[in-house]
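Asker: The following file, run.csv, comprises CSV, C-alpha atoms:
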chain,number,residue,atom,x,y,z
V,1,MET,CA,-7.4,-35.9,-84.0
V,2,ARG,CA,-7.9,-32.6,-82.2
V,3,ILE,CA,-9.5,-29.9,-84.3
V,4,ALA,CA,-9.6,-26.3,-82.9
V,5,THR,CA,-11.5,-23.2,-83.9
V,6,TRP,CA,-10.4,-19.7,-82.7
V,7,ASN,CA,-11.3,-16.2,-83.6
V,8,VAL,CA,-7.9,-14.6,-82.9
V,9,ASN,CA,-8.9,-11.0,-83.5
V,10,SER,CA,-5.8,-10.1,-85.5
V,11,VAL,CA,-3.2,-12.8,-85.7
V,12,ASN,CA,-0.2,-10.5,-86.0
V,13,ALA,CA,-1.3,-8.2,-83.1
V,14,ARG,CA,-1.7,-11.2,-80.8
V,15,LEU,CA,0.9,-13.5,-82.3
V,16,GLU,CA,2.8,-14.1,-79.0
V,17,THR,CA,-0.5,-15.2,-77.3
V,18,VAL,CA,-1.6,-17.3,-80.2
V,19,LEU,CA,1.8,-19.1,-80.5
V,20,ARG,CA,1.8,-19.8,-76.8
V,21,TRP,CA,-1.5,-21.5,-77.0
V,22,PHE,CA,-0.4,-23.6,-80.0
V,23,GLU,CA,2.7,-24.7,-78.2
V,24,GLU,CA,0.7,-25.7,-75.1
V,25,ALA,CA,-2.4,-27.2,-76.7
V,26,SER,CA,-0.7,-28.6,-79.9
V,27,PRO,CA,-3.9,-29.1,-81.9
V,28,ASP,CA,-3.6,-31.4,-84.9
V,29,VAL,CA,-5.8,-29.0,-87.0
V,30,ALA,CA,-6.7,-25.4,-86.3
V,31,CYS,CA,-9.3,-23.1,-87.9
V,32,LEU,CA,-8.5,-19.4,-87.3
V,33,GLN,CA,-10.9,-16.5,-88.0
V,34,GLU,CA,-10.6,-12.7,-88.1
V,35,ILE,CA,-6.9,-12.9,-88.9
V,36,LYS,CA,-7.1,-9.3,-90.3
V,37,CYS,CA,-4.3,-9.6,-92.9
V,38,VAL,CA,-3.7,-10.4,-96.5
V,39,ASP,CA,-2.2,-13.8,-97.3
V,40,GLU,CA,1.4,-12.4,-97.6
V,41,LYS,CA,1.3,-10.8,-94.1
V,42,PHE,CA,0.2,-14.0,-92.4
V,43,PRO,CA,3.0,-15.3,-90.1
V,44,THR,CA,3.3,-18.6,-92.0
V,45,GLU,CA,6.9,-19.3,-91.0
V,46,ALA,CA,6.1,-19.0,-87.3
V,47,PHE,CA,3.5,-21.8,-87.6
V,48,GLU,CA,5.6,-23.9,-89.9
V,49,ARG,CA,8.3,-23.9,-87.3
V,50,LEU,CA,5.7,-25.6,-85.0
V,51,GLY,CA,5.1,-28.2,-87.6
V,52,TYR,CA,2.0,-26.9,-89.4
V,53,ASN,CA,1.0,-26.8,-93.0
V,54,VAL,CA,-0.8,-23.5,-93.7
V,55,ALA,CA,-3.6,-22.3,-96.0
V,56,VAL,CA,-4.8,-18.7,-95.8
V,57,HIS,CA,-7.7,-16.7,-97.3
V,58,GLY,CA,-6.9,-13.2,-96.1
V,59,GLN,CA,-8.2,-9.7,-96.5
V,60,LYS,CA,-6.5,-6.4,-95.6
V,61,SER,CA,-7.4,-5.2,-92.1
V,62,TYR,CA,-10.7,-7.1,-91.9
V,63,ASN,CA,-12.0,-10.7,-91.8
V,64,GLY,CA,-9.7,-13.4,-93.0
V,65,VAL,CA,-9.6,-17.1,-92.2
V,66,ALA,CA,-6.8,-19.7,-92.0
V,67,LEU,CA,-6.3,-23.4,-91.7
V,68,LEU,CA,-3.3,-25.1,-90.1
V,69,SER,CA,-2.6,-28.8,-90.0
V,70,LYS,CA,0.1,-31.1,-88.9
V,71,THR,CA,-0.6,-33.2,-92.0
V,72,PRO,CA,-0.9,-31.8,-95.6
V,73,LEU,CA,-4.0,-29.9,-96.7
V,74,GLU,CA,-5.6,-31.0,-99.9
V,75,ASP,CA,-8.5,-29.8,-102.1
V,76,VAL,CA,-8.3,-26.3,-100.7
V,77,ARG,CA,-11.3,-24.0,-101.4
V,78,ARG,CA,-11.1,-20.3,-100.7
V,79,GLY,CA,-14.5,-18.5,-100.5
V,80,LEU,CA,-18.0,-19.7,-100.0
V,81,PRO,CA,-19.8,-20.6,-103.3
V,82,GLY,CA,-23.0,-19.0,-104.4
V,83,GLU,CA,-22.0,-15.3,-104.9
V,84,GLU,CA,-18.9,-14.8,-107.1
V,85,THR,CA,-18.8,-11.0,-106.4
V,86,ASP,CA,-18.5,-11.5,-102.6
V,87,GLU,CA,-15.0,-10.2,-101.8
V,88,GLN,CA,-15.2,-10.8,-98.0
V,89,ALA,CA,-12.7,-13.5,-96.9
V,90,ARG,CA,-14.9,-15.6,-94.6
V,91,TYR,CA,-14.6,-19.2,-95.7
V,92,LEU,CA,-11.8,-21.6,-96.2
V,93,GLU,CA,-12.1,-25.4,-96.7
V,94,ALA,CA,-9.7,-28.2,-97.1
V,95,VAL,CA,-9.2,-31.9,-96.7
V,96,VAL,CA,-6.9,-32.8,-93.9
V,97,SER,CA,-4.9,-35.9,-95.1
V,98,GLY,CA,-4.2,-38.9,-92.9
V,99,PRO,CA,-5.2,-42.5,-92.5
V,100,ARG,CA,-8.8,-41.3,-92.5
V,101,PRO,CA,-9.1,-37.9,-94.3
V,102,VAL,CA,-11.4,-35.2,-92.7
V,103,ARG,CA,-12.8,-32.2,-94.5
V,104,VAL,CA,-12.6,-29.1,-92.4
V,105,ALA,CA,-13.9,-25.6,-92.9
V,106,SER,CA,-12.9,-22.4,-91.1
V,107,ILE,CA,-15.9,-20.1,-91.0
V,108,TYR,CA,-16.2,-16.5,-90.0
V,109,LEU,CA,-19.9,-15.8,-90.4
V,110,PRO,CA,-21.0,-12.1,-90.8
V,111,ASN,CA,-21.9,-10.2,-87.7
V,112,GLY,CA,-25.0,-8.6,-89.3
V,113,ASN,CA,-25.3,-5.4,-87.2
V,114,PRO,CA,-27.0,-3.1,-87.2
V,115,ILE,CA,-30.1,-5.2,-88.1
V,116,GLU,CA,-31.9,-2.3,-89.8
V,117,THR,CA,-29.1,-2.1,-92.5
V,118,GLU,CA,-28.0,-4.2,-95.4
V,119,LYS,CA,-25.5,-5.9,-93.2
V,120,PHE,CA,-28.2,-8.1,-91.6
V,121,GLY,CA,-29.5,-9.1,-95.1
V,122,TYR,CA,-25.9,-10.0,-96.0
V,123,LYS,CA,-25.6,-12.2,-92.9
V,124,LEU,CA,-28.8,-14.1,-93.7
V,125,GLY,CA,-27.9,-14.5,-97.3
V,126,TRP,CA,-24.4,-15.8,-96.3
V,127,MET,CA,-26.1,-18.3,-94.0
V,128,ALA,CA,-28.3,-19.5,-96.9
V,129,ARG,CA,-25.3,-20.0,-99.1
V,130,LEU,CA,-23.6,-21.9,-96.3
V,131,ASN,CA,-26.6,-24.1,-95.9
V,132,ALA,CA,-26.6,-24.9,-99.6
V,133,HIS,CA,-22.9,-25.7,-99.7
V,134,ALA,CA,-23.1,-27.8,-96.5
V,135,LYS,CA,-25.9,-29.8,-98.1
V,136,GLU,CA,-23.6,-30.6,-101.0
V,137,LEU,CA,-20.7,-31.5,-98.8
V,138,LEU,CA,-22.9,-33.9,-96.8
V,139,ALA,CA,-23.6,-35.8,-100.0
V,140,TYR,CA,-19.9,-37.0,-99.9
V,141,GLU,CA,-20.7,-39.0,-96.8
V,142,GLU,CA,-17.3,-38.3,-95.2
V,143,PRO,CA,-16.1,-36.9,-91.9
V,144,LEU,CA,-16.8,-33.2,-92.1
V,145,ALA,CA,-16.3,-30.4,-89.5
V,146,LEU,CA,-17.7,-26.9,-90.0
V,147,MET,CA,-15.7,-24.9,-87.4
V,148,GLY,CA,-15.8,-21.3,-86.6
V,149,ASP,CA,-17.2,-18.0,-85.3
V,150,TYR,CA,-20.8,-18.3,-86.4
V,151,ASN,CA,-21.8,-15.0,-84.7
V,152,VAL,CA,-25.0,-16.7,-83.6
V,153,ILE,CA,-26.2,-17.2,-80.0
V,154,PRO,CA,-28.3,-20.4,-80.5
V,155,GLU,CA,-30.4,-20.2,-77.3
V,156,ALA,CA,-31.0,-17.9,-74.4
V,157,ARG,CA,-28.9,-20.3,-72.3
V,158,ASP,CA,-25.9,-19.4,-74.4
V,159,ALA,CA,-25.8,-15.8,-73.1
V,160,ALA,CA,-25.2,-14.7,-69.5
V,161,ARG,CA,-27.6,-11.8,-70.0
V,162,PRO,CA,-29.8,-12.8,-73.0
V,163,GLN,CA,-31.9,-9.7,-72.5
V,164,ASP,CA,-29.0,-7.5,-73.5
V,165,TRP,CA,-28.9,-9.2,-77.0
V,166,VAL,CA,-32.6,-8.9,-78.0
V,167,GLY,CA,-31.9,-6.2,-80.5
V,168,ASP,CA,-28.6,-7.7,-81.8
V,169,ALA,CA,-28.2,-9.6,-85.0
V,170,LEU,CA,-26.5,-12.5,-83.2
V,171,PHE,CA,-29.7,-13.3,-81.3
V,172,GLN,CA,-32.4,-12.4,-83.9
V,173,PRO,CA,-35.0,-15.1,-84.6
V,174,GLN,CA,-33.9,-15.2,-88.2
V,175,SER,CA,-30.3,-15.8,-87.3
V,176,ARG,CA,-31.1,-18.6,-84.8
V,177,GLU,CA,-33.5,-20.2,-87.3
V,178,ALA,CA,-30.9,-20.2,-90.0
V,179,PHE,CA,-28.4,-21.9,-87.6
V,180,ARG,CA,-31.0,-24.5,-86.7
V,181,ALA,CA,-31.7,-25.1,-90.4
V,182,LEU,CA,-28.1,-25.9,-90.8
V,183,GLN,CA,-28.2,-28.4,-88.0
V,184,TRP,CA,-31.3,-30.0,-89.4
V,185,LEU,CA,-29.4,-30.9,-92.5
V,186,GLY,CA,-27.9,-33.6,-90.3
V,187,PHE,CA,-25.1,-31.9,-88.4
V,188,THR,CA,-24.3,-32.4,-84.7
V,189,GLU,CA,-23.2,-29.5,-82.6
V,190,ALA,CA,-20.2,-30.9,-80.8
V,191,PHE,CA,-20.4,-29.0,-77.6
V,192,MET,CA,-24.0,-29.7,-77.0
V,193,ALA,CA,-23.5,-33.4,-77.8
V,194,ILE,CA,-20.6,-33.8,-75.3
V,195,ASP,CA,-21.2,-31.3,-72.6
V,196,GLY,CA,-23.9,-28.6,-73.0
V,197,HIS,CA,-23.7,-27.1,-69.5
V,198,GLU,CA,-25.1,-23.7,-69.0
V,199,GLY,CA,-22.7,-20.8,-68.4
V,200,ALA,CA,-20.3,-22.1,-71.1
V,201,TYR,CA,-19.2,-19.1,-73.2
V,202,THR,CA,-16.6,-18.5,-76.0
V,203,PHE,CA,-16.7,-14.7,-76.2
V,204,TRP,CA,-16.4,-11.9,-73.7
V,205,ASP,CA,-16.5,-8.3,-74.9
V,206,TYR,CA,-13.5,-6.0,-74.0
V,207,GLN,CA,-16.0,-3.4,-72.6
V,208,ALA,CA,-17.7,-3.0,-69.3
V,209,GLY,CA,-15.7,-5.7,-67.5
V,210,ALA,CA,-17.5,-8.5,-69.3
V,211,TRP,CA,-14.7,-11.0,-68.7
V,212,GLN,CA,-14.4,-10.1,-65.0
V,213,ARG,CA,-18.1,-10.5,-64.6
V,214,ASN,CA,-18.3,-13.6,-66.8
V,215,ASN,CA,-20.8,-11.7,-69.0
V,216,GLY,CA,-20.2,-13.9,-72.0
V,217,ILE,CA,-21.9,-15.6,-75.0
V,218,ARG,CA,-21.4,-18.8,-76.9
V,219,ILE,CA,-21.0,-18.0,-80.6
V,220,ASP,CA,-18.1,-20.3,-81.7
V,221,HIS,CA,-19.4,-23.6,-82.8
V,222,ALA,CA,-18.3,-27.0,-84.3
V,223,LEU,CA,-20.9,-28.7,-86.5
V,224,LEU,CA,-20.1,-32.3,-87.4
V,225,SER,CA,-21.4,-34.5,-90.2
V,226,PRO,CA,-22.8,-37.9,-89.1
V,227,GLN,CA,-19.6,-39.5,-90.1
V,228,ALA,CA,-17.6,-37.1,-87.9
V,229,ALA,CA,-20.2,-37.2,-85.1
V,230,ASP,CA,-19.8,-40.9,-84.8
V,231,LEU,CA,-16.1,-40.3,-84.0
V,232,LEU,CA,-16.7,-37.5,-81.5
V,233,ARG,CA,-14.9,-38.0,-78.1
V,234,ALA,CA,-14.6,-34.6,-76.6
V,235,CYS,CA,-15.3,-30.9,-77.0
V,236,VAL,CA,-13.5,-28.4,-74.7
V,237,ILE,CA,-13.7,-24.6,-74.4
V,238,HIS,CA,-10.3,-23.2,-73.4
V,239,LYS,CA,-11.8,-20.5,-71.3
V,240,ASP,CA,-8.6,-19.7,-69.4
V,241,VAL,CA,-7.0,-18.2,-72.5
V,242,ARG,CA,-9.3,-15.2,-72.2
V,243,GLY,CA,-7.4,-14.3,-69.0
V,244,TRP,CA,-4.0,-14.3,-70.7
V,245,ASP,CA,-2.0,-11.1,-71.6
V,246,LYS,CA,-3.3,-9.4,-74.7
V,247,PRO,CA,-6.1,-11.9,-75.4
V,248,SER,CA,-8.6,-12.2,-78.2
V,249,ASP,CA,-12.2,-11.6,-77.1
V,250,HIS,CA,-12.8,-15.2,-78.2
V,251,VAL,CA,-11.3,-18.4,-76.8
V,252,PRO,CA,-10.4,-21.6,-78.6
V,253,VAL,CA,-12.8,-24.5,-78.8
V,254,VAL,CA,-11.3,-27.9,-79.4
V,255,VAL,CA,-13.0,-31.0,-80.7
V,256,GLU,CA,-11.5,-34.5,-80.4
V,257,LEU,CA,-12.3,-37.1,-83.0
V,258,ASP,CA,-11.3,-40.8,-82.6
V,259,LEU,CA,-9.4,-41.2,-85.9
As structure tokens - that is how I would like this structure written.

Answerer:
Amino acid sequence: MRIATWNVNSVNARLETVLRWFEEASPDVACLQEIKCVDEKFPTEAFERLGYNVAVHGQKSYNGVALLSKTPLEDVRRGLPGEETDEQARYLEAVVSGPRPVRVASIYLPNGNPIETEKFGYKLGWMARLNAHAKELLAYEEPLALMGDYNVIPEARDAARPQDWVGDALFQPQSREAFRALQWLGFTEAFMAIDGHEGAYTFWDYQAGAWQRNNGIRIDHALLSPQAADLLRACVIHKDVRGWDKPSDHVPVVVELDL
């Protein structure tokens, strides 16, 4: 089973590019972030024509996450538990049916900038809620993949120019500590377990020729429960997609599990 995560930066604005990648890569499951549309505006039919079942947790103009699967999606959860008044659409979870079911979550973690505002507190609070929920999910002792745009640069090696990110929420010690705390619950970071080479990035800003100069960062991650990590066979960053016409500033990351 190949499970992808991709921040598409507006699914409708980049639909042609997104569908091209789906047709070429044909992931079994895909977690999309920053779809930037309400549920009714998501191009469900376009993905259904490619053979996908679709679940969406959208929001007008901002945020939004989606799950697409070639097999039915069950036990769908929209929204991260722990704060019922949180209206931001950043978390979508479901069980992908099959001979061996896998629980998958599409995560769009808050950016948190500027760090001197309440946005950074919201980011850290959201990460604490994710940690608590992930701990509950681990108790099921089932294959689980937490996929998404975490908006966290885990280590200096995950940025081409780490010095440029010192004052950014993505690289603050508190953000990185919260990401490590999540891993310490028992999760395996797929890319680091399989590959881990330096210079591997998943995001290049649209500004200042970042793509052309390979001035990127790695902020899109796949965290696997022990039961999923035992099945891990590959983790590939589809870097070439950033050079396509009308690209997202992120690229897909695909994890392969031996199911």

Asker: Write out as CSV the residues of region 179-234 of chain V that have any atom within 10 Å of an atom of region 3-16 of chain V, one row each with the nearest atom pair and its distance in Å to one decimal, counting only C-alpha atoms, sorted by chain and then rising number.

Answerer:
residue,atom,partner,partner_atom,distance
V:Thr202,CA,V:Trp6,CA,9.2
V:Phe203,CA,V:Asn7,CA,9.3
V:Asp220,CA,V:Thr5,CA,7.5
V:His221,CA,V:Thr5,CA,8.0
V:Ala222,CA,V:Thr5,CA,7.8

Asker: To one decimal in Å, tell me the separation between CA of Arg218 (chain V) and CA of Gly112 (chain V).

Answerer: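 Result for CA of Arg218 (chain V) versus CA of Gly112 (chain V): 16.5 Å, one decimal.
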
Asker: List every protein, DNA or RNA residue that has at least one atom no more than 9 Å from (-5.7, -13.6, -76.8) in the file's coordinates, counting all atoms listed in the file, and write the result as a tab-separated table (two decimals) with C-alpha atoms, in the frame of the given file.

Answerer:
chain	number	residue	atom	x	y	z
V	8	VAL	CA	-7.90	-14.60	-82.90
V	9	ASN	CA	-8.90	-11.00	-83.50
V	14	ARG	CA	-1.70	-11.20	-80.80
V	15	LEU	CA	0.90	-13.50	-82.30
V	16	GLU	CA	2.80	-14.10	-79.00
V	17	THR	CA	-0.50	-15.20	-77.30
V	18	VAL	CA	-1.60	-17.30	-80.20
V	21	TRP	CA	-1.50	-21.50	-77.00
V	241	VAL	CA	-7.00	-18.20	-72.50
V	242	ARG	CA	-9.30	-15.20	-72.20
V	243	GLY	CA	-7.40	-14.30	-69.00
V	244	TRP	CA	-4.00	-14.30	-70.70
V	245	ASP	CA	-2.00	-11.10	-71.60
V	246	LYS	CA	-3.30	-9.40	-74.70
V	247	PRO	CA	-6.10	-11.90	-75.40
V	248	SER	CA	-8.60	-12.20	-78.20
V	249	ASP	CA	-12.20	-11.60	-77.10
V	250	HIS	CA	-12.80	-15.20	-78.20
V	251	VAL	CA	-11.30	-18.40	-76.80

Asker: Kindly indicate which residue among V:Glu74, V:Glu40, V:Glu198, V:Glu23 lies nearest to Val96 (chain V), using all atoms listed in the file for the distances.

Answerer: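 Closest to Val96 (chain V) of all the choices is V:Glu74.
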
Asker: Please compute the CA of Phe191 (chain V)-CA of Ala208 (chain V) distance, one decimal, in Å.

Answerer: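 Pair CA of Phe191 (chain V) / CA of Ala208 (chain V) returns 27.4 Å.
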
Asker: My list of candidates is V:Gly51, V:Ile107, V:Gly125, V:Gln172. Which is closest to Asp86 (chain V) when distances are computed with all atoms listed in the file?

Answerer: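 Of the candidates, the smallest distance to Asp86 (chain V) is held by V:Gly125.
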
Asker: Smallest atom-to-atom distance to Ser175 (chain V): which of V:Trp204, V:Phe47, V:Tyr140, V:Tyr122, using only C-alpha atoms?

Answerer: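 Using only C-alpha atoms, the shortest distance to Ser175 (chain V) belongs to V:Tyr122.
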
Asker: Tell me, as an MDAnalysis selection string, which residues lie within 9 Å of Arg78 (chain V), counting all atoms listed in the file; anything in the same chain fewer than 4 positions away does not count.

Answerer: chainID V and resid 56:57 89:94

Asker: From the options V:Glu34, V:Asp230, V:Asp39, V:Asp240, which residue's atoms come nearest to Pro143 (chain V), counting only C-alpha atoms?

Answerer: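 Of the candidates, the smallest distance to Pro143 (chain V) is held by V:Asp230.
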
Asker: Dig up all the protein and nucleic acid residues within 8 Å of (-5.1, -21.4, -93.8) in the file frame, using all atoms listed in the file, and format them as a short mmCIF file (atom, residue, chain, number, x, y, z; two decimals) with C-alpha atoms, in the coordinates of the input.

Answerer:
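The resulting point-v4.cif:
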data_model
loop_
_atom_site.label_atom_id
_atom_site.label_comp_id
_atom_site.auth_asym_id
_atom_site.auth_seq_id
_atom_site.Cartn_x
_atom_site.Cartn_y
_atom_site.Cartn_z
CA CYS V 31 -9.30 -23.10 -87.90
CA LEU V 32 -8.50 -19.40 -87.30
CA VAL V 54 -0.80 -23.50 -93.70
CA ALA V 55 -3.60 -22.30 -96.00
CA VAL V 56 -4.80 -18.70 -95.80
CA HIS V 57 -7.70 -16.70 -97.30
CA VAL V 65 -9.60 -17.10 -92.20
CA ALA V 66 -6.80 -19.70 -92.00
CA LEU V 67 -6.30 -23.40 -91.70
CA LEU V 68 -3.30 -25.10 -90.10
CA LEU V 92 -11.80 -21.60 -96.20
#

Asker: Determine the nearest neighbour of Ile194 (chain V) from the options V:Ile219, V:Arg20, V:Lys70, V:Leu257, counting all atoms listed in the file.

Answerer: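 Ranked by minimum distance to Ile194 (chain V), first place goes to V:Leu257.
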
Asker: Excluding Thr71 (chain V) and residues on its chain fewer than 4 positions from it, collect all residues at most 9 Å away from it, counting only C-alpha atoms, and give them as a list in words.

Answerer: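 Final neighbour list, sorted by chain and number: Asp28, Val29, Gly51, Tyr52, Asn53, Val96, Ser97 and Gly98 of chain V.
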
Asker: Which residues are near Asn214 (chain V)? Cut-off 9 Å, only C-alpha atoms, ignore same chain within fewer than 2 positions. Put them as number ranges by chain.

Answerer: V: 160, 199, 201, 204, 209-212, 216

Asker: So the first atom is CA of Ala178 (chain V) and the second is CA of Ala132 (chain V); what is the distance between them in Å, to one decimal place?

Answerer: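 Computing it gives 11.5 Å between the two atoms.
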
Asker: Given only C-alpha atoms as the basis, pick out the residue of V:Met127, V:Ala181, V:Ala234, V:Ile115 nearest to Asp168 (chain V).

Answerer: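 Smallest distance to Asp168 (chain V) is found for V:Ile115.
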
Asker: Taking 2 positions as the minimum chain separation for residues in the same chain, which residues sit within 12 Å of Trp184 (chain V) when counting only C-alpha atoms? Answer as a ChimeraX atom specification.

Answerer: /V:131,134-135,138,177-182,186-189,223-226

Asker: Env of Glu87 (chain V): 12 Å cut, atoms = all atoms listed in the file, seq-sep filter 2 positions within chain, self excluded. Answer as a ChimeraX atom specification.

Answerer: /V:57-60,62-64,78-81,83-85,89-91
